[in-house]
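Engineer: Handing you a structure now.
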Amino acid sequence: MAAQGLIGIVLAGGLGSRLSPLTRVTNKHLLPVYDRPMIYYPIETLAQAGIRDILLVTGGNNAGDFLRLLGNGRDFGLSHLDYVYQEGEGGIAAALSLARYYAQGKRMVVILGDNIIADDITPHVERFAQQERGAKILLKEVDDPQRFGVAELAEDRVVGIEEKPQRPKTRYAVTGIYMYDDQVFGIIDRLAPSQRGELEITDVNNAYIGWGQLTFDFLDGWWTDAGTFGSLLRANVLVARQRDMPLPPGVPGSGPEAGA
């Protein structure tokens, strides 16, 4: 199995302030998306790809709830589900840096805890496992690229990624699924905080681009984050439609074109 030797990292820290007041009493990744907590979806995505060792990075006042909910990961078919606590907020790259000792030189598949997709990422993971070195990102064409990191392509290469641009050069959003070798931690060590005061994952990806070591694939099915009220609603609708559950009349996305 190509996923053997790879570990999974789920990043589920942060305060989720854009979903306040819901997140005043719980971590946003514990909010429901249709019939299960949000955090189930990224773990299931990794498990479906054959990854059996996962580290969950969390933080805030409700970190203990993850342990009560997920336990040792047995319900997902995992060999190990481990936890690490992130103090404060410092950006995605800062959260990833906490996995350094867990990784122990292994390659990793990293997924943001609020990312929900229709695809099985196994083919992408298999291609990454065949790379000699470097990183892989997954892209999706979207209508609102200014919300995300946006990739500029030249033939079969990513030539640059711009974080939340006001005038995006393309509509290719970098989804919250990243695959890295262990060079990633050295890159993070050399990062300077952005204007937001965070260590940006876009800067990590651009470093790999500079080395000529970043590949990409496109997701075929739908993808959404669930970090805003609009995207949380969208995630609920898309999951319900994927399971062929009828939506009440008048619910956004209940028409025949929803989820396309």
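Residues are referred to by chain and number: the chain letter is A, B, ... according to the order shown in the structure tokens, the number counts from 1 in that chain, and ligands are numbered separately from 1 in the order shown.
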Give me the residues within 7 Å of stretch 193-204 of chain A as a CSV table (one decimal) with C-alpha atoms, in the first residue's frame, counting only C-alpha atoms and dropping any in the same chain fewer than 4 places off.
Structural biologist:
chain,number,residue,atom,x,y,z
A,90,GLY,CA,0.4,31.4,15.0
A,91,GLY,CA,-0.8,30.2,11.6
A,92,ILE,CA,-1.1,26.9,9.8
A,93,ALA,CA,2.7,26.5,9.5
A,94,ALA,CA,3.2,27.1,13.2
A,149,GLY,CA,-4.2,30.8,-1.5
A,161,ILE,CA,1.0,31.0,-4.9
A,163,GLU,CA,-2.4,34.3,-0.3
A,187,ILE,CA,11.4,25.6,5.9
A,188,ILE,CA,9.2,26.6,8.8
A,208,TYR,CA,9.1,24.2,-2.4
Engineer: Show which residues sit within 10 Å of stretch 61-74 of chain A, as an MDAnalysis selection string. Count only C-alpha atoms, and ignore same-chain residues fewer than 2 positions away.
Structural biologist: chainID A and resid 12:13 15 23:30 37 39:40 43 52:54 56:59 76:86
Engineer: Where does DSSP see strand (DSSP E or B) in stretch 27-173 of chain A, if you list the residues as JSON, numbers by chain?
Structural biologist: {"A": [32, 33, 36, 37, 53, 54, 55, 56, 57, 58, 59, 80, 81, 82, 83, 84, 85, 86, 107, 108, 109, 110, 111, 112, 115, 116, 117, 135, 136, 137, 138, 139, 140, 141, 149, 150, 151, 152, 153, 154, 157, 158, 159, 160, 161, 162, 163, 172, 173]}
Engineer: Interatomic distance between atom CA of A:Asp181 and atom CA of A:Pro145?
Structural biologist: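 Distance between the two atoms: 26.9 Å.
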Engineer: Name all residues at most 10 Å from A:Tyr172 (count only C-alpha atoms; drop same-chain ones fewer than 2 positions away) and give them as a list in words.
Structural biologist: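 Result of the neighbour search: Leu138, Leu139, Lys140, Glu141, Val142, Asp143, Asp144, Pro145, Phe148, Gly149, Val150, Ala151, Glu152, Leu153, Ile161, Pro168, Lys169, Thr170, Val174, Thr175 and Phe218 of chain A.
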Engineer: Kindly export the residues of the current selection with N, CA and C atoms, as a tab-separated table (two decimals), in the first residue's frame.
Structural biologist:
chain	number	residue	atom	x	y	z
A	138	LEU	N	-3.16	20.03	-3.60
A	138	LEU	CA	-4.36	19.72	-4.36
A	138	LEU	C	-5.12	21.00	-4.63
A	139	LEU	N	-5.49	21.21	-5.89
A	139	LEU	CA	-6.13	22.44	-6.33
A	139	LEU	C	-7.59	22.17	-6.70
A	140	LYS	N	-8.39	23.24	-6.63
A	140	LYS	CA	-9.78	23.17	-7.07
A	140	LYS	C	-10.17	24.53	-7.64
A	141	GLU	N	-10.79	24.53	-8.81
A	141	GLU	CA	-11.28	25.78	-9.40
A	141	GLU	C	-12.52	26.23	-8.65
A	142	VAL	N	-12.53	27.49	-8.22
A	142	VAL	CA	-13.61	28.00	-7.37
A	142	VAL	C	-14.09	29.35	-7.91
A	143	ASP	N	-15.25	29.77	-7.43
A	143	ASP	CA	-15.81	31.05	-7.84
A	143	ASP	C	-15.31	32.22	-7.00
A	144	ASP	N	-14.75	31.93	-5.81
A	144	ASP	CA	-14.32	32.99	-4.89
A	144	ASP	C	-12.86	32.78	-4.48
A	145	PRO	N	-11.94	32.76	-5.44
A	145	PRO	CA	-10.54	32.45	-5.11
A	145	PRO	C	-9.89	33.42	-4.15
A	148	PHE	N	-8.76	32.34	-0.65
A	148	PHE	CA	-7.81	31.26	-0.45
A	148	PHE	C	-6.42	31.62	-0.97
A	149	GLY	N	-5.48	30.71	-0.78
A	149	GLY	CA	-4.25	30.79	-1.53
A	149	GLY	C	-4.55	30.42	-2.97
A	150	VAL	N	-4.01	31.18	-3.92
A	150	VAL	CA	-4.34	30.99	-5.33
A	150	VAL	C	-3.07	30.62	-6.09
A	151	ALA	N	-3.16	29.53	-6.85
A	151	ALA	CA	-2.00	29.02	-7.58
A	151	ALA	C	-1.97	29.58	-9.00
A	152	GLU	N	-0.78	30.00	-9.42
A	152	GLU	CA	-0.54	30.39	-10.81
A	152	GLU	C	0.20	29.25	-11.49
A	153	LEU	N	-0.33	28.79	-12.63
A	153	LEU	CA	0.21	27.62	-13.31
A	153	LEU	C	0.87	28.02	-14.63
A	161	ILE	N	2.25	30.97	-5.64
A	161	ILE	CA	0.99	30.96	-4.90
A	161	ILE	C	0.88	32.28	-4.16
A	168	PRO	N	-7.13	37.92	-8.00
A	168	PRO	CA	-6.51	36.62	-8.26
A	168	PRO	C	-6.11	36.46	-9.73
A	169	LYS	N	-4.95	35.85	-9.95
A	169	LYS	CA	-4.48	35.60	-11.31
A	169	LYS	C	-5.17	34.41	-11.94
A	170	THR	N	-5.67	33.49	-11.11
A	170	THR	CA	-6.42	32.34	-11.59
A	170	THR	C	-7.56	32.08	-10.61
A	174	VAL	N	-5.85	26.72	-3.60
A	174	VAL	CA	-5.10	25.67	-2.92
A	174	VAL	C	-5.97	25.14	-1.79
A	175	THR	N	-6.39	23.91	-1.90
A	175	THR	CA	-7.24	23.34	-0.87
A	175	THR	C	-6.40	23.08	0.39
A	218	PHE	N	-5.47	18.07	-9.35
A	218	PHE	CA	-6.78	18.69	-9.18
A	218	PHE	C	-7.74	17.73	-8.50
Engineer: What is the distance, in Å and to one decimal place, between atom CA of A:Leu232 and atom CA of A:Tyr180?
Structural biologist: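 Computing the Euclidean distance for atom CA of A:Leu232 and atom CA of A:Tyr180 yields 27.6 Å.
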Engineer: Considering only C-alpha atoms, return as a list in words whatever protein or nucleic-acid residues lie within 12 Å of A:Trp211, sequence-local ones (same chain, fewer than 2 positions apart) excluded.
Structural biologist: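 With the cut-off at 12 Å, the set is Arg133, Gly134, Ala135, Val158, Val159, Gly160, Gln183, Ile187, Val204, Asn205, Asn206, Ala207, Tyr208, Ile209, Gln213, Leu214 and Thr215 of chain A.
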Engineer: Output N, CA and C atoms of each residue in that selection to a file, as a short mmCIF file (atom, residue, chain, number, x, y, z; two decimals), in the first residue's frame.
Structural biologist:
data_model
loop_
_atom_site.label_atom_id
_atom_site.label_comp_id
_atom_site.auth_asym_id
_atom_site.auth_seq_id
_atom_site.Cartn_x
_atom_site.Cartn_y
_atom_site.Cartn_z
N ARG A 133 11.25 13.41 -3.81
CA ARG A 133 11.27 14.34 -2.66
C ARG A 133 10.26 15.45 -2.91
N GLY A 134 10.11 16.31 -1.92
CA GLY A 134 9.30 17.51 -2.14
C GLY A 134 7.91 17.45 -1.56
N ALA A 135 6.98 18.14 -2.24
CA ALA A 135 5.64 18.36 -1.73
C ALA A 135 4.62 18.24 -2.86
N VAL A 158 3.38 24.62 -10.97
CA VAL A 158 2.93 25.76 -10.19
C VAL A 158 4.11 26.72 -10.10
N VAL A 159 3.93 27.95 -10.56
CA VAL A 159 5.03 28.92 -10.57
C VAL A 159 4.93 29.92 -9.43
N GLY A 160 3.81 29.90 -8.71
CA GLY A 160 3.67 30.80 -7.57
C GLY A 160 2.31 30.65 -6.93
N GLN A 183 11.57 17.89 4.85
CA GLN A 183 12.21 19.20 4.66
C GLN A 183 11.32 20.33 5.15
N ILE A 187 12.04 24.43 6.50
CA ILE A 187 11.44 25.61 5.87
C ILE A 187 10.72 26.45 6.90
N VAL A 204 5.48 28.31 2.88
CA VAL A 204 6.08 26.97 2.83
C VAL A 204 5.98 26.41 1.41
N ASN A 205 4.81 26.52 0.82
CA ASN A 205 4.61 25.97 -0.52
C ASN A 205 5.46 26.73 -1.55
N ASN A 206 5.59 28.03 -1.39
CA ASN A 206 6.41 28.80 -2.32
C ASN A 206 7.89 28.43 -2.20
N ALA A 207 8.32 28.03 -1.01
CA ALA A 207 9.71 27.58 -0.85
C ALA A 207 9.94 26.30 -1.66
N TYR A 208 9.00 25.38 -1.60
CA TYR A 208 9.12 24.17 -2.41
C TYR A 208 9.09 24.50 -3.91
N ILE A 209 8.27 25.48 -4.29
CA ILE A 209 8.24 25.91 -5.69
C ILE A 209 9.62 26.42 -6.11
N GLN A 213 10.33 21.54 -6.41
CA GLN A 213 9.95 20.27 -5.79
C GLN A 213 8.47 20.20 -5.42
N LEU A 214 7.65 21.07 -5.98
CA LEU A 214 6.22 21.05 -5.65
C LEU A 214 5.42 20.59 -6.86
N THR A 215 4.63 19.53 -6.68
CA THR A 215 3.73 19.05 -7.72
C THR A 215 2.29 19.35 -7.31
#
Engineer: Please give the complete set of residues from stretch 116-192 of chain A that DSSP, run on the backbone, assigns to helix (DSSP H, G or I), formatted as a VMD selection string.
Structural biologist: chain A and resid 122 to 130 145 to 147 184 to 189
Engineer: Include N, CA and C atoms and write out the residues we just selected as a PDB file, in the first residue's frame.
Structural biologist:
ATOM      1  N   THR A 122      -6.788   8.833  -2.388  1.00  0.00           N
ATOM      2  CA  THR A 122      -5.793   7.765  -2.515  1.00  0.00           C
ATOM      3  C   THR A 122      -4.904   7.919  -3.750  1.00  0.00           C
ATOM      4  N   PRO A 123      -5.449   8.192  -4.954  1.00  0.00           N
ATOM      5  CA  PRO A 123      -4.557   8.333  -6.115  1.00  0.00           C
ATOM      6  C   PRO A 123      -3.531   9.449  -5.956  1.00  0.00           C
ATOM      7  N   HIS A 124      -3.924  10.543  -5.323  1.00  0.00           N
ATOM      8  CA  HIS A 124      -2.994  11.661  -5.116  1.00  0.00           C
ATOM      9  C   HIS A 124      -1.900  11.273  -4.120  1.00  0.00           C
ATOM     10  N   VAL A 125      -2.292  10.578  -3.069  1.00  0.00           N
ATOM     11  CA  VAL A 125      -1.323  10.125  -2.074  1.00  0.00           C
ATOM     12  C   VAL A 125      -0.337   9.138  -2.707  1.00  0.00           C
ATOM     13  N   GLU A 126      -0.834   8.274  -3.553  1.00  0.00           N
ATOM     14  CA  GLU A 126       0.041   7.300  -4.210  1.00  0.00           C
ATOM     15  C   GLU A 126       1.059   7.995  -5.106  1.00  0.00           C
ATOM     16  N   ARG A 127       0.614   9.015  -5.831  1.00  0.00           N
ATOM     17  CA  ARG A 127       1.560   9.743  -6.684  1.00  0.00           C
ATOM     18  C   ARG A 127       2.594  10.487  -5.849  1.00  0.00           C
ATOM     19  N   PHE A 128       2.148  11.046  -4.719  1.00  0.00           N
ATOM     20  CA  PHE A 128       3.103  11.726  -3.838  1.00  0.00           C
ATOM     21  C   PHE A 128       4.135  10.743  -3.306  1.00  0.00           C
ATOM     22  N   ALA A 129       3.700   9.554  -2.946  1.00  0.00           N
ATOM     23  CA  ALA A 129       4.618   8.547  -2.404  1.00  0.00           C
ATOM     24  C   ALA A 129       5.680   8.148  -3.419  1.00  0.00           C
ATOM     25  N   GLN A 130       5.383   8.320  -4.696  1.00  0.00           N
ATOM     26  CA  GLN A 130       6.332   7.971  -5.743  1.00  0.00           C
ATOM     27  C   GLN A 130       7.310   9.102  -6.060  1.00  0.00           C
ATOM     28  N   PRO A 145     -11.941  32.765  -5.436  1.00  0.00           N
ATOM     29  CA  PRO A 145     -10.543  32.446  -5.109  1.00  0.00           C
ATOM     30  C   PRO A 145      -9.893  33.424  -4.150  1.00  0.00           C
ATOM     31  N   GLN A 146     -10.427  34.641  -4.046  1.00  0.00           N
ATOM     32  CA  GLN A 146      -9.814  35.632  -3.157  1.00  0.00           C
ATOM     33  C   GLN A 146      -9.864  35.214  -1.691  1.00  0.00           C
ATOM     34  N   ARG A 147     -10.627  34.176  -1.365  1.00  0.00           N
ATOM     35  CA  ARG A 147     -10.702  33.683   0.014  1.00  0.00           C
ATOM     36  C   ARG A 147      -9.544  32.757   0.360  1.00  0.00           C
ATOM     37  N   VAL A 184      10.030  20.042   5.317  1.00  0.00           N
ATOM     38  CA  VAL A 184       9.078  21.095   5.649  1.00  0.00           C
ATOM     39  C   VAL A 184       9.432  21.799   6.961  1.00  0.00           C
ATOM     40  N   PHE A 185       9.999  21.062   7.916  1.00  0.00           N
ATOM     41  CA  PHE A 185      10.270  21.671   9.215  1.00  0.00           C
ATOM     42  C   PHE A 185      11.439  22.651   9.142  1.00  0.00           C
ATOM     43  N   GLY A 186      12.425  22.361   8.312  1.00  0.00           N
ATOM     44  CA  GLY A 186      13.496  23.318   8.097  1.00  0.00           C
ATOM     45  C   GLY A 186      12.989  24.581   7.435  1.00  0.00           C
ATOM     46  N   ILE A 187      12.044  24.430   6.504  1.00  0.00           N
ATOM     47  CA  ILE A 187      11.442  25.607   5.871  1.00  0.00           C
ATOM     48  C   ILE A 187      10.715  26.455   6.904  1.00  0.00           C
ATOM     49  N   ILE A 188       9.921  25.812   7.748  1.00  0.00           N
ATOM     50  CA  ILE A 188       9.165  26.558   8.761  1.00  0.00           C
ATOM     51  C   ILE A 188      10.114  27.291   9.698  1.00  0.00           C
ATOM     52  N   ASP A 189      11.231  26.668  10.039  1.00  0.00           N
ATOM     53  CA  ASP A 189      12.191  27.313  10.940  1.00  0.00           C
ATOM     54  C   ASP A 189      12.714  28.632  10.362  1.00  0.00           C
TER      55      ASP A 189
END
Engineer: From the set A:Ala173, A:Leu11, A:Ile137, A:Leu233, which residue has the shortest atom-to-atom contact distance to A:Leu98, counting only C-alpha atoms?
Structural biologist: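 Result for the nearest residue to A:Leu98: A:Leu11.
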Engineer: My list of candidates is A:Gln166, A:Gly14, A:Ala235, A:Asp217. Which is closest to A:Asp35 when distances are computed with only C-alpha atoms?
Structural biologist: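 Distance minimum relative to A:Asp35 lands on A:Ala235.
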Engineer: So the first atom is atom CA of A:Ile177 and the second is atom CA of A:Asp244; what is the distance between them in Å, to one decimal place?
Structural biologist: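 We find that atom CA of A:Ile177 and atom CA of A:Asp244 lie 25.8 Å from each other.
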